[in-house]
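Asker: This is upload_10.cif, which holds mmCIF, C-alpha atoms:
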```cif
data_structure
#
loop_
_atom_site.label_atom_id
_atom_site.label_comp_id
_atom_site.auth_asym_id
_atom_site.auth_seq_id
_atom_site.Cartn_x
_atom_site.Cartn_y
_atom_site.Cartn_z
CA MET A 1 250.37 141.06 81.40
CA SER A 2 249.62 141.69 85.08
CA GLY A 3 246.19 143.10 85.74
CA VAL A 4 242.71 142.80 87.20
CA ARG A 5 239.68 141.29 85.44
CA ARG A 6 236.10 141.80 86.63
CA PHE A 7 233.53 139.01 86.96
CA THR A 8 230.51 140.29 85.01
CA PRO A 9 227.39 139.01 83.25
CA GLN A 10 227.97 138.18 79.58
CA ALA A 11 225.58 138.75 76.69
CA THR A 12 224.70 135.06 76.83
CA GLY A 13 223.52 135.32 80.44
CA ASP A 14 226.32 133.42 82.11
CA TYR A 15 229.09 135.16 84.03
CA GLY A 16 232.72 135.50 83.09
CA TRP A 17 235.87 137.61 83.23
CA ALA A 18 236.62 140.06 80.42
CA GLY A 19 239.19 138.68 78.00
CA VAL A 20 238.82 135.06 79.14
CA GLU A 21 237.46 132.90 76.36
CA ARG A 22 234.35 130.84 77.07
CA LEU A 23 234.73 127.30 75.78
CA ARG A 24 232.53 124.29 75.31
CA TYR A 25 232.54 122.06 78.37
CA LYS A 26 233.21 118.95 76.28
CA GLU A 27 232.67 117.88 72.71
CA GLU A 28 228.99 117.30 72.04
CA GLY A 29 228.15 113.60 72.24
CA ALA A 30 231.34 112.71 74.12
CA ALA A 31 229.47 112.27 77.41
CA PRO A 32 226.11 113.23 78.93
CA PHE A 33 225.92 116.82 80.20
CA ARG A 34 223.68 119.83 79.83
CA ASP A 35 224.03 123.62 79.69
CA ILE A 36 227.56 124.15 80.88
CA THR A 37 230.42 126.40 79.79
CA ARG A 38 234.12 126.35 80.65
CA GLN A 39 236.74 129.07 81.05
CA VAL A 40 240.42 128.49 81.69
CA LEU A 41 241.36 131.25 84.11
CA PHE A 42 244.97 130.46 84.49
CA ALA A 43 247.24 128.08 82.62
CA GLN A 44 250.69 129.63 82.62
CA PRO A 45 253.62 127.80 81.07
CA ASP A 46 255.44 127.82 84.43
CA GLN A 47 252.49 126.28 86.26
CA ALA A 48 251.80 122.58 86.49
CA CYS A 49 248.10 123.20 87.12
CA GLU A 50 245.12 124.91 85.59
CA LEU A 51 242.38 126.81 87.33
CA ARG A 52 239.13 126.52 85.41
CA TYR A 53 235.67 128.04 85.91
CA PHE A 54 232.57 126.09 84.94
CA GLU A 55 229.14 127.60 84.86
CA VAL A 56 226.10 125.36 84.75
CA ALA A 57 222.84 127.05 83.67
CA PRO A 58 219.67 126.51 85.78
CA GLY A 59 218.62 122.87 85.42
CA GLY A 60 221.95 121.87 83.84
CA TYR A 61 224.50 119.34 85.04
CA SER A 62 228.04 118.11 84.49
CA THR A 63 228.92 114.60 83.40
CA LEU A 64 228.75 111.87 86.06
CA GLU A 65 232.34 110.63 86.02
CA ARG A 66 235.34 109.51 88.04
CA HIS A 67 239.12 109.54 87.59
CA ARG A 68 242.29 108.87 89.52
CA HIS A 69 243.24 112.53 89.89
CA THR A 70 241.82 114.52 92.78
CA HIS A 71 239.63 117.61 92.44
CA ALA A 72 239.44 120.75 94.50
CA VAL A 73 236.25 122.64 93.67
CA LEU A 74 235.14 125.95 95.09
CA ILE A 75 231.60 127.16 94.47
CA LEU A 76 231.72 130.74 93.23
CA ARG A 77 228.16 131.53 92.21
CA GLY A 78 224.63 130.26 92.76
CA ARG A 79 223.26 127.03 94.17
CA GLY A 80 223.05 123.39 93.32
CA THR A 81 223.83 119.86 94.35
CA VAL A 82 226.97 117.78 94.23
CA ARG A 83 226.94 114.03 94.06
CA LEU A 84 229.93 112.34 95.71
CA GLY A 85 229.82 108.57 95.51
CA ALA A 86 226.41 107.48 96.80
CA ASP A 87 225.74 110.80 98.61
CA GLU A 88 224.32 114.14 97.53
CA PHE A 89 225.03 117.48 99.18
CA PRO A 90 223.47 120.90 98.61
CA VAL A 91 226.15 123.47 97.77
CA GLU A 92 226.25 127.24 97.76
CA GLU A 93 228.74 130.05 97.30
CA ARG A 94 232.21 129.49 98.79
CA ASP A 95 231.67 125.84 99.69
CA LEU A 96 234.82 123.80 99.20
CA VAL A 97 234.29 120.39 97.59
CA THR A 98 237.01 117.74 97.74
CA VAL A 99 236.78 114.77 95.38
CA GLU A 100 239.07 111.85 96.18
CA PRO A 101 240.44 109.44 93.54
CA LEU A 102 237.91 107.25 91.72
CA THR A 103 234.91 108.86 93.43
CA TRP A 104 231.89 109.28 91.15
CA HIS A 105 230.91 112.94 91.08
CA GLN A 106 228.46 115.24 89.34
CA PHE A 107 227.45 118.88 89.74
CA ARG A 108 223.87 119.99 89.18
CA ALA A 109 222.49 123.52 89.19
CA ASP A 110 219.18 124.15 90.92
CA ALA A 111 216.16 124.59 88.66
CA GLU A 112 216.05 128.31 89.49
CA SER A 113 219.76 129.08 89.86
CA ALA A 114 222.96 128.80 87.89
CA LEU A 115 225.89 127.04 89.54
CA GLY A 116 229.38 128.40 88.92
CA PHE A 117 232.48 126.75 90.34
CA LEU A 118 236.25 126.85 90.19
CA CYS A 119 238.12 123.60 89.62
CA LEU A 120 241.82 123.02 90.11
CA VAL A 121 243.55 120.24 88.20
CA SER A 122 247.07 119.23 87.23
CA LYS A 123 247.79 119.68 83.53
CA GLU A 124 248.83 116.02 83.42
CA ARG A 125 245.91 113.92 84.57
CA ASP A 126 244.07 110.73 83.66
CA ARG A 127 240.98 110.81 81.48
CA PRO A 128 237.54 110.59 83.17
CA GLN A 129 235.73 107.25 83.24
CA LEU A 130 231.99 107.10 82.56
CA PRO A 131 229.57 104.64 84.20
CA ALA A 132 228.92 101.54 82.12
CA ASP A 133 225.27 100.73 81.36
CA GLY A 134 223.74 99.20 84.46
CA ASP A 135 226.74 100.20 86.56
CA GLU A 136 225.65 101.57 89.92
CA PRO A 137 228.09 104.32 90.82
CA ARG A 138 229.09 104.49 94.46
CA MET B 1 237.85 111.90 102.15
CA SER B 2 235.47 113.41 99.63
CA GLY B 3 233.12 115.99 101.06
CA VAL B 4 231.85 119.55 101.32
CA ARG B 5 233.20 122.19 103.69
CA ARG B 6 231.34 125.42 104.48
CA PHE B 7 232.94 128.86 104.51
CA THR B 8 231.98 130.31 107.89
CA PRO B 9 233.10 132.96 110.40
CA GLN B 10 235.62 131.66 112.92
CA ALA B 11 235.86 132.57 116.61
CA THR B 12 238.75 134.89 115.74
CA GLY B 13 236.60 136.94 113.36
CA ASP B 14 238.14 135.85 110.09
CA TYR B 15 236.48 133.35 107.78
CA GLY B 16 237.49 129.81 107.01
CA TRP B 17 236.42 126.29 106.11
CA ALA B 18 235.77 123.76 108.87
CA GLY B 19 238.69 121.39 109.32
CA VAL B 20 241.17 123.54 107.41
CA GLU B 21 243.96 124.72 109.68
CA ARG B 22 244.63 128.47 109.87
CA LEU B 23 248.34 129.20 109.66
CA ARG B 24 250.58 132.16 110.13
CA TYR B 25 251.11 134.03 106.86
CA LYS B 26 254.88 134.08 107.35
CA GLU B 27 257.28 133.85 110.24
CA GLU B 28 257.18 137.04 112.29
CA GLY B 29 260.02 139.36 111.34
CA ALA B 30 260.73 137.58 108.06
CA ALA B 31 259.18 140.40 106.01
CA PRO B 32 256.84 143.36 106.55
CA PHE B 33 253.14 142.44 106.71
CA ARG B 34 250.16 143.01 108.96
CA ASP B 35 247.06 141.10 110.10
CA ILE B 36 246.94 138.22 107.67
CA THR B 37 246.22 134.50 107.98
CA ARG B 38 246.79 131.62 105.58
CA GLN B 39 244.93 128.38 104.89
CA VAL B 40 246.04 125.67 102.51
CA LEU B 41 242.81 124.47 100.91
CA PHE B 42 244.21 121.83 98.73
CA ALA B 43 247.65 120.27 98.53
CA GLN B 44 247.19 116.68 97.47
CA PRO B 45 250.17 114.43 96.86
CA ASP B 46 249.09 113.92 93.25
CA GLN B 47 248.85 117.64 92.56
CA ALA B 48 251.75 119.81 91.54
CA CYS B 49 250.01 122.94 92.86
CA GLU B 50 248.51 124.31 96.03
CA LEU B 51 245.41 126.43 96.40
CA ARG B 52 245.72 128.73 99.39
CA TYR B 53 243.33 131.24 100.99
CA PHE B 54 244.68 134.39 102.60
CA GLU B 55 242.56 136.67 104.70
CA VAL B 56 243.78 140.18 105.48
CA ALA B 57 242.02 141.94 108.38
CA PRO B 58 240.75 145.53 107.88
CA GLY B 59 243.79 147.82 107.53
CA GLY B 60 246.17 144.90 107.04
CA TYR B 61 248.42 144.10 104.09
CA SER B 62 250.60 141.41 102.56
CA THR B 63 254.32 141.77 101.98
CA LEU B 64 255.42 143.86 98.99
CA GLU B 65 257.38 141.28 97.01
CA ARG B 66 258.16 139.80 93.61
CA HIS B 67 259.29 136.41 92.27
CA ARG B 68 259.78 134.56 89.02
CA HIS B 69 256.70 132.36 89.43
CA THR B 70 253.35 133.67 88.27
CA HIS B 71 250.32 134.17 90.50
CA ALA B 72 246.63 133.68 89.85
CA VAL B 73 244.61 135.37 92.56
CA LEU B 74 240.84 135.40 92.91
CA ILE B 75 239.22 137.75 95.41
CA LEU B 76 236.73 135.79 97.50
CA ARG B 77 235.63 138.19 100.22
CA GLY B 78 235.61 141.92 100.97
CA ARG B 79 237.39 144.86 99.39
CA GLY B 80 240.84 146.27 99.08
CA THR B 81 243.62 147.39 96.76
CA VAL B 82 246.21 145.49 94.79
CA ARG B 83 249.51 147.02 93.79
CA LEU B 84 250.94 145.66 90.52
CA GLY B 85 254.25 147.24 89.57
CA ALA B 86 253.75 151.02 89.69
CA ASP B 87 249.93 150.78 89.52
CA GLU B 88 247.19 150.29 92.10
CA PHE B 89 243.76 148.82 91.45
CA PRO B 90 240.70 148.58 93.69
CA VAL B 91 239.55 144.97 93.98
CA GLU B 92 236.34 143.33 95.11
CA GLU B 93 234.75 139.89 95.23
CA ARG B 94 235.42 137.61 92.24
CA ASP B 95 238.00 139.87 90.60
CA LEU B 96 240.76 137.84 88.95
CA VAL B 97 244.27 139.21 89.46
CA THR B 98 247.15 138.00 87.31
CA VAL B 99 250.70 138.70 88.44
CA GLU B 100 253.42 138.18 85.85
CA PRO B 101 256.99 137.16 86.68
CA LEU B 102 259.09 139.66 88.68
CA THR B 103 256.19 142.11 89.10
CA TRP B 104 256.11 143.81 92.50
CA HIS B 105 252.77 143.15 94.14
CA GLN B 106 250.98 143.73 97.42
CA PHE B 107 247.43 143.23 98.67
CA ARG B 108 245.83 145.68 101.12
CA ALA B 109 242.47 145.40 102.83
CA ASP B 110 240.33 148.52 103.06
CA ALA B 111 240.24 150.22 106.46
CA GLU B 112 236.64 149.05 106.97
CA SER B 113 236.72 145.66 105.23
CA ALA B 114 238.66 142.42 105.34
CA LEU B 115 240.14 141.15 102.08
CA GLY B 116 240.12 137.41 101.45
CA PHE B 117 241.65 135.87 98.34
CA LEU B 118 242.57 132.55 96.78
CA CYS B 119 246.07 132.11 95.41
CA LEU B 120 247.26 129.33 93.15
CA VAL B 121 250.96 128.40 93.09
CA SER B 122 253.11 125.49 92.02
CA LYS B 123 254.56 123.55 94.92
CA GLU B 124 258.01 124.11 93.42
CA ARG B 125 258.59 127.86 93.11
CA ASP B 126 261.29 130.45 93.71
CA ARG B 127 261.41 132.41 96.95
CA PRO B 128 259.99 135.95 97.02
CA GLN B 129 262.37 138.89 96.75
CA LEU B 130 261.89 141.95 98.95
CA PRO B 131 262.65 145.55 97.92
CA ALA B 132 266.11 146.73 99.00
CA ASP B 133 266.25 149.93 101.05
CA GLY B 134 265.78 152.86 98.70
CA ASP B 135 264.70 150.54 95.90
CA GLU B 136 261.73 151.97 94.04
CA PRO B 137 259.57 149.02 92.98
CA ARG B 138 258.06 149.28 89.55
#
```
Could you spell out this file's structure in structure tokens?
Answerer:
Amino acid sequence: MSGVRRFTPQATGDYGWAGVERLRYKEEGAAPFRDITRQVLFAQPDQACELRYFEVAPGGYSTLERHRHTHAVLILRGRGTVRLGADEFPVEERDLVTVEPLTWHQFRADAESALGFLCLVSKERDRPQLPADGDEPR
Amino acid sequence: MSGVRRFTPQATGDYGWAGVERLRYKEEGAAPFRDITRQVLFAQPDQACELRYFEVAPGGYSTLERHRHTHAVLILRGRGTVRLGADEFPVEERDLVTVEPLTWHQFRADAESALGFLCLVSKERDRPQLPADGDEPR
């Protein structure tokens, strides 16, 4: 149904849109990460893509990973750091982050701030790769 | 290339990301609209979708139109009003607007505020329909 949903604080402290289910980021133990939730904002049957919102709690981080599919990420809330290959960049609201194929990437929230970001992906995409022990991502 | 782009005011007064071209919303005369620019944030060859950013200047508006494809819109900057069928809703930053198939819709900026929003679409989609003269959209 067509309509408007507000972005508001949830009882758990993170932000979300009413009526959009908050999901686990990944299965526990599947890969290293900390304090992150996932919402699928838009995954219509007629669309080949999904728009997701991830919120990383202060001090939390996403998995360090890479894959063949590209990422478009838009920071929606808070502050943190993104790792892209061998580089790190501070990020804040409305920054646009582009991740090219097979580039190692990781999002970290600042110690004092959550980091919320939108991520656009195709529904059909390759699975993320994790660094092997002793592998130096670049 | 992977990287981070900042959202900053442009010389023309609207906002944008460095290195992202600002385009005309539509060809002049193709349909009624006023004071609106378009940026394609992300349209990679491997992606079946595009993420676009539209910015409507104060007092401006998008075309009243409908189409079979769905829309996911996220308000990124400012304030305005969205028309969805026969209803109107005030919108502000981070509101999520869902537009179902064949629902008439239009975005208007407030008189005193720009309205900037992200819009996700599939690359392959049907062309918008415009209201016929005397047609009462609902």
Asker: Pull out every residue of chain A that has at least one atom within 6 Å of chain B, counting all atoms listed in the file, and report them as an MDAnalysis selection string.
Answerer: chainID A and resid 2:7 47:48 94:100 122
Asker: Hey, can you check how far CA of Phe107 (chain B) sits from CA of Gly78 (chain A)?
Answerer: 26.9 Å
Asker: In the coordinates of the file, take the point (236.3, 125.6, 78.6) and a cut-off of 8 Å; then, counting all atoms listed in the file, name each qualifying protein, DNA or RNA residue as a PyMOL selection string.
Answerer: chain A and resi 21-26+37-40+52-54
Asker: What is the CA of Thr12 (chain B) to CA of Arg34 (chain B) distance in Å?
Answerer: 15.6 Å
Asker: One decimal, Å: what's the distance from CA of Trp104 (chain A) over to CA of Tyr15 (chain A), could you say?
Answerer: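 One can read the CA of Trp104 (chain A) to CA of Tyr15 (chain A) distance as 27.0 Å.
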Asker: Leaving out Gly80 (chain B) and any residue of its chain fewer than 5 positions from it, which residues lie within 10 Å of it when counting only C-alpha atoms, given as an MDAnalysis selection string?
Answerer: chainID B and resid 56 58:61 75 89:93 107:116
Asker: Keeping only C-alpha atoms, write those residues as a CSV table (one decimal), in the frame of the given file.
Answerer:
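selection39.csv, written as the output of this step:
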```csv
chain,number,residue,atom,x,y,z
B,56,VAL,CA,243.8,140.2,105.5
B,58,PRO,CA,240.8,145.5,107.9
B,59,GLY,CA,243.8,147.8,107.5
B,60,GLY,CA,246.2,144.9,107.0
B,61,TYR,CA,248.4,144.1,104.1
B,75,ILE,CA,239.2,137.8,95.4
B,89,PHE,CA,243.8,148.8,91.4
B,90,PRO,CA,240.7,148.6,93.7
B,91,VAL,CA,239.6,145.0,94.0
B,92,GLU,CA,236.3,143.3,95.1
B,93,GLU,CA,234.8,139.9,95.2
B,107,PHE,CA,247.4,143.2,98.7
B,108,ARG,CA,245.8,145.7,101.1
B,109,ALA,CA,242.5,145.4,102.8
B,110,ASP,CA,240.3,148.5,103.1
B,111,ALA,CA,240.2,150.2,106.5
B,112,GLU,CA,236.6,149.0,107.0
B,113,SER,CA,236.7,145.7,105.2
B,114,ALA,CA,238.7,142.4,105.3
B,115,LEU,CA,240.1,141.2,102.1
B,116,GLY,CA,240.1,137.4,101.4
```
Asker: Applied to the shown file, which residues does the PyMOL selection byres ((chain A and resi 128) around 6) return, written as a list in words?
Answerer: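 With the shown file as input, the PyMOL selection byres ((chain A and resi 128) around 6) matches Glu65, Arg66, His67, Arg127 and Gln129 of chain A.
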Asker: Some atoms are missing, so please complete region 89-123 of chain A with N, CA and C atoms and return it as a CSV table (one decimal), in the coordinates of the input.
Answerer:
```
chain,number,residue,atom,x,y,z
A,89,PHE,N,224.9,116.4,98.2
A,89,PHE,CA,225.0,117.5,99.2
A,89,PHE,C,224.6,118.8,98.5
A,90,PRO,N,223.8,119.6,99.2
A,90,PRO,CA,223.5,120.9,98.6
A,90,PRO,C,224.7,121.8,98.7
A,91,VAL,N,225.0,122.6,97.7
A,91,VAL,CA,226.2,123.5,97.8
A,91,VAL,C,225.7,124.9,97.4
A,92,GLU,N,226.5,125.8,98.0
A,92,GLU,CA,226.2,127.2,97.8
A,92,GLU,C,227.6,128.0,97.7
A,93,GLU,N,227.5,129.3,97.5
A,93,GLU,CA,228.7,130.0,97.3
A,93,GLU,C,229.8,129.8,98.4
A,94,ARG,N,231.0,129.6,98.0
A,94,ARG,CA,232.2,129.5,98.8
A,94,ARG,C,232.3,128.1,99.5
A,95,ASP,N,231.4,127.2,99.2
A,95,ASP,CA,231.7,125.8,99.7
A,95,ASP,C,232.9,125.2,99.0
A,96,LEU,N,233.6,124.5,99.7
A,96,LEU,CA,234.8,123.8,99.2
A,96,LEU,C,234.5,122.3,99.1
A,97,VAL,N,234.6,121.8,97.9
A,97,VAL,CA,234.3,120.4,97.6
A,97,VAL,C,235.6,119.6,97.3
A,98,THR,N,235.8,118.6,98.0
A,98,THR,CA,237.0,117.7,97.7
A,98,THR,C,236.5,116.4,97.2
A,99,VAL,N,237.1,116.0,96.0
A,99,VAL,CA,236.8,114.8,95.4
A,99,VAL,C,238.0,113.9,95.4
A,100,GLU,N,237.9,112.8,96.1
A,100,GLU,CA,239.1,111.8,96.2
A,100,GLU,C,239.1,111.0,94.9
A,101,PRO,N,240.3,110.3,94.7
A,101,PRO,CA,240.4,109.4,93.5
A,101,PRO,C,239.3,108.4,93.4
A,102,LEU,N,238.9,108.3,92.1
A,102,LEU,CA,237.9,107.2,91.7
A,102,LEU,C,236.6,107.4,92.4
A,103,THR,N,236.2,108.6,92.9
A,103,THR,CA,234.9,108.9,93.4
A,103,THR,C,234.0,109.4,92.3
A,104,TRP,N,232.9,108.8,92.1
A,104,TRP,CA,231.9,109.3,91.2
A,104,TRP,C,231.4,110.6,91.6
A,105,HIS,N,231.3,111.6,90.7
A,105,HIS,CA,230.9,112.9,91.1
A,105,HIS,C,230.2,113.6,89.9
A,106,GLN,N,229.3,114.5,90.3
A,106,GLN,CA,228.5,115.2,89.3
A,106,GLN,C,228.0,116.5,90.0
A,107,PHE,N,228.0,117.6,89.2
A,107,PHE,CA,227.4,118.9,89.7
A,107,PHE,C,226.2,119.2,89.0
A,108,ARG,N,225.2,119.6,89.8
A,108,ARG,CA,223.9,120.0,89.2
A,108,ARG,C,223.5,121.4,89.7
A,109,ALA,N,223.0,122.2,88.8
A,109,ALA,CA,222.5,123.5,89.2
A,109,ALA,C,221.0,123.3,89.6
A,110,ASP,N,220.6,124.2,90.6
A,110,ASP,CA,219.2,124.2,90.9
A,110,ASP,C,218.3,124.6,89.7
A,111,ALA,N,217.1,124.2,89.8
A,111,ALA,CA,216.2,124.6,88.7
A,111,ALA,C,216.1,126.1,88.5
A,112,GLU,N,216.2,126.9,89.6
A,112,GLU,CA,216.0,128.3,89.5
A,112,GLU,C,217.4,129.1,89.6
A,113,SER,N,218.5,128.4,89.6
A,113,SER,CA,219.8,129.1,89.9
A,113,SER,C,220.9,128.5,89.0
A,114,ALA,N,221.7,129.3,88.5
A,114,ALA,CA,223.0,128.8,87.9
A,114,ALA,C,223.9,128.3,89.0
A,115,LEU,N,224.9,127.5,88.6
A,115,LEU,CA,225.9,127.0,89.5
A,115,LEU,C,227.3,127.2,88.9
A,116,GLY,N,228.0,128.1,89.5
A,116,GLY,CA,229.4,128.4,88.9
A,116,GLY,C,230.4,127.9,89.9
A,117,PHE,N,231.5,127.2,89.4
A,117,PHE,CA,232.5,126.8,90.3
A,117,PHE,C,233.9,126.7,89.7
A,118,LEU,N,234.9,126.9,90.6
A,118,LEU,CA,236.2,126.8,90.2
A,118,LEU,C,236.7,125.4,90.4
A,119,CYS,N,237.6,125.0,89.5
A,119,CYS,CA,238.1,123.6,89.6
A,119,CYS,C,239.6,123.6,89.3
A,120,LEU,N,240.4,123.1,90.2
A,120,LEU,CA,241.8,123.0,90.1
A,120,LEU,C,242.2,121.6,89.7
A,121,VAL,N,243.0,121.5,88.6
A,121,VAL,CA,243.6,120.2,88.2
A,121,VAL,C,245.0,120.4,87.7
A,122,SER,N,245.7,119.3,87.8
A,122,SER,CA,247.1,119.2,87.2
A,122,SER,C,246.9,119.2,85.7
A,123,LYS,N,247.9,119.7,85.0
A,123,LYS,CA,247.8,119.7,83.5
A,123,LYS,C,247.9,118.2,83.1
```
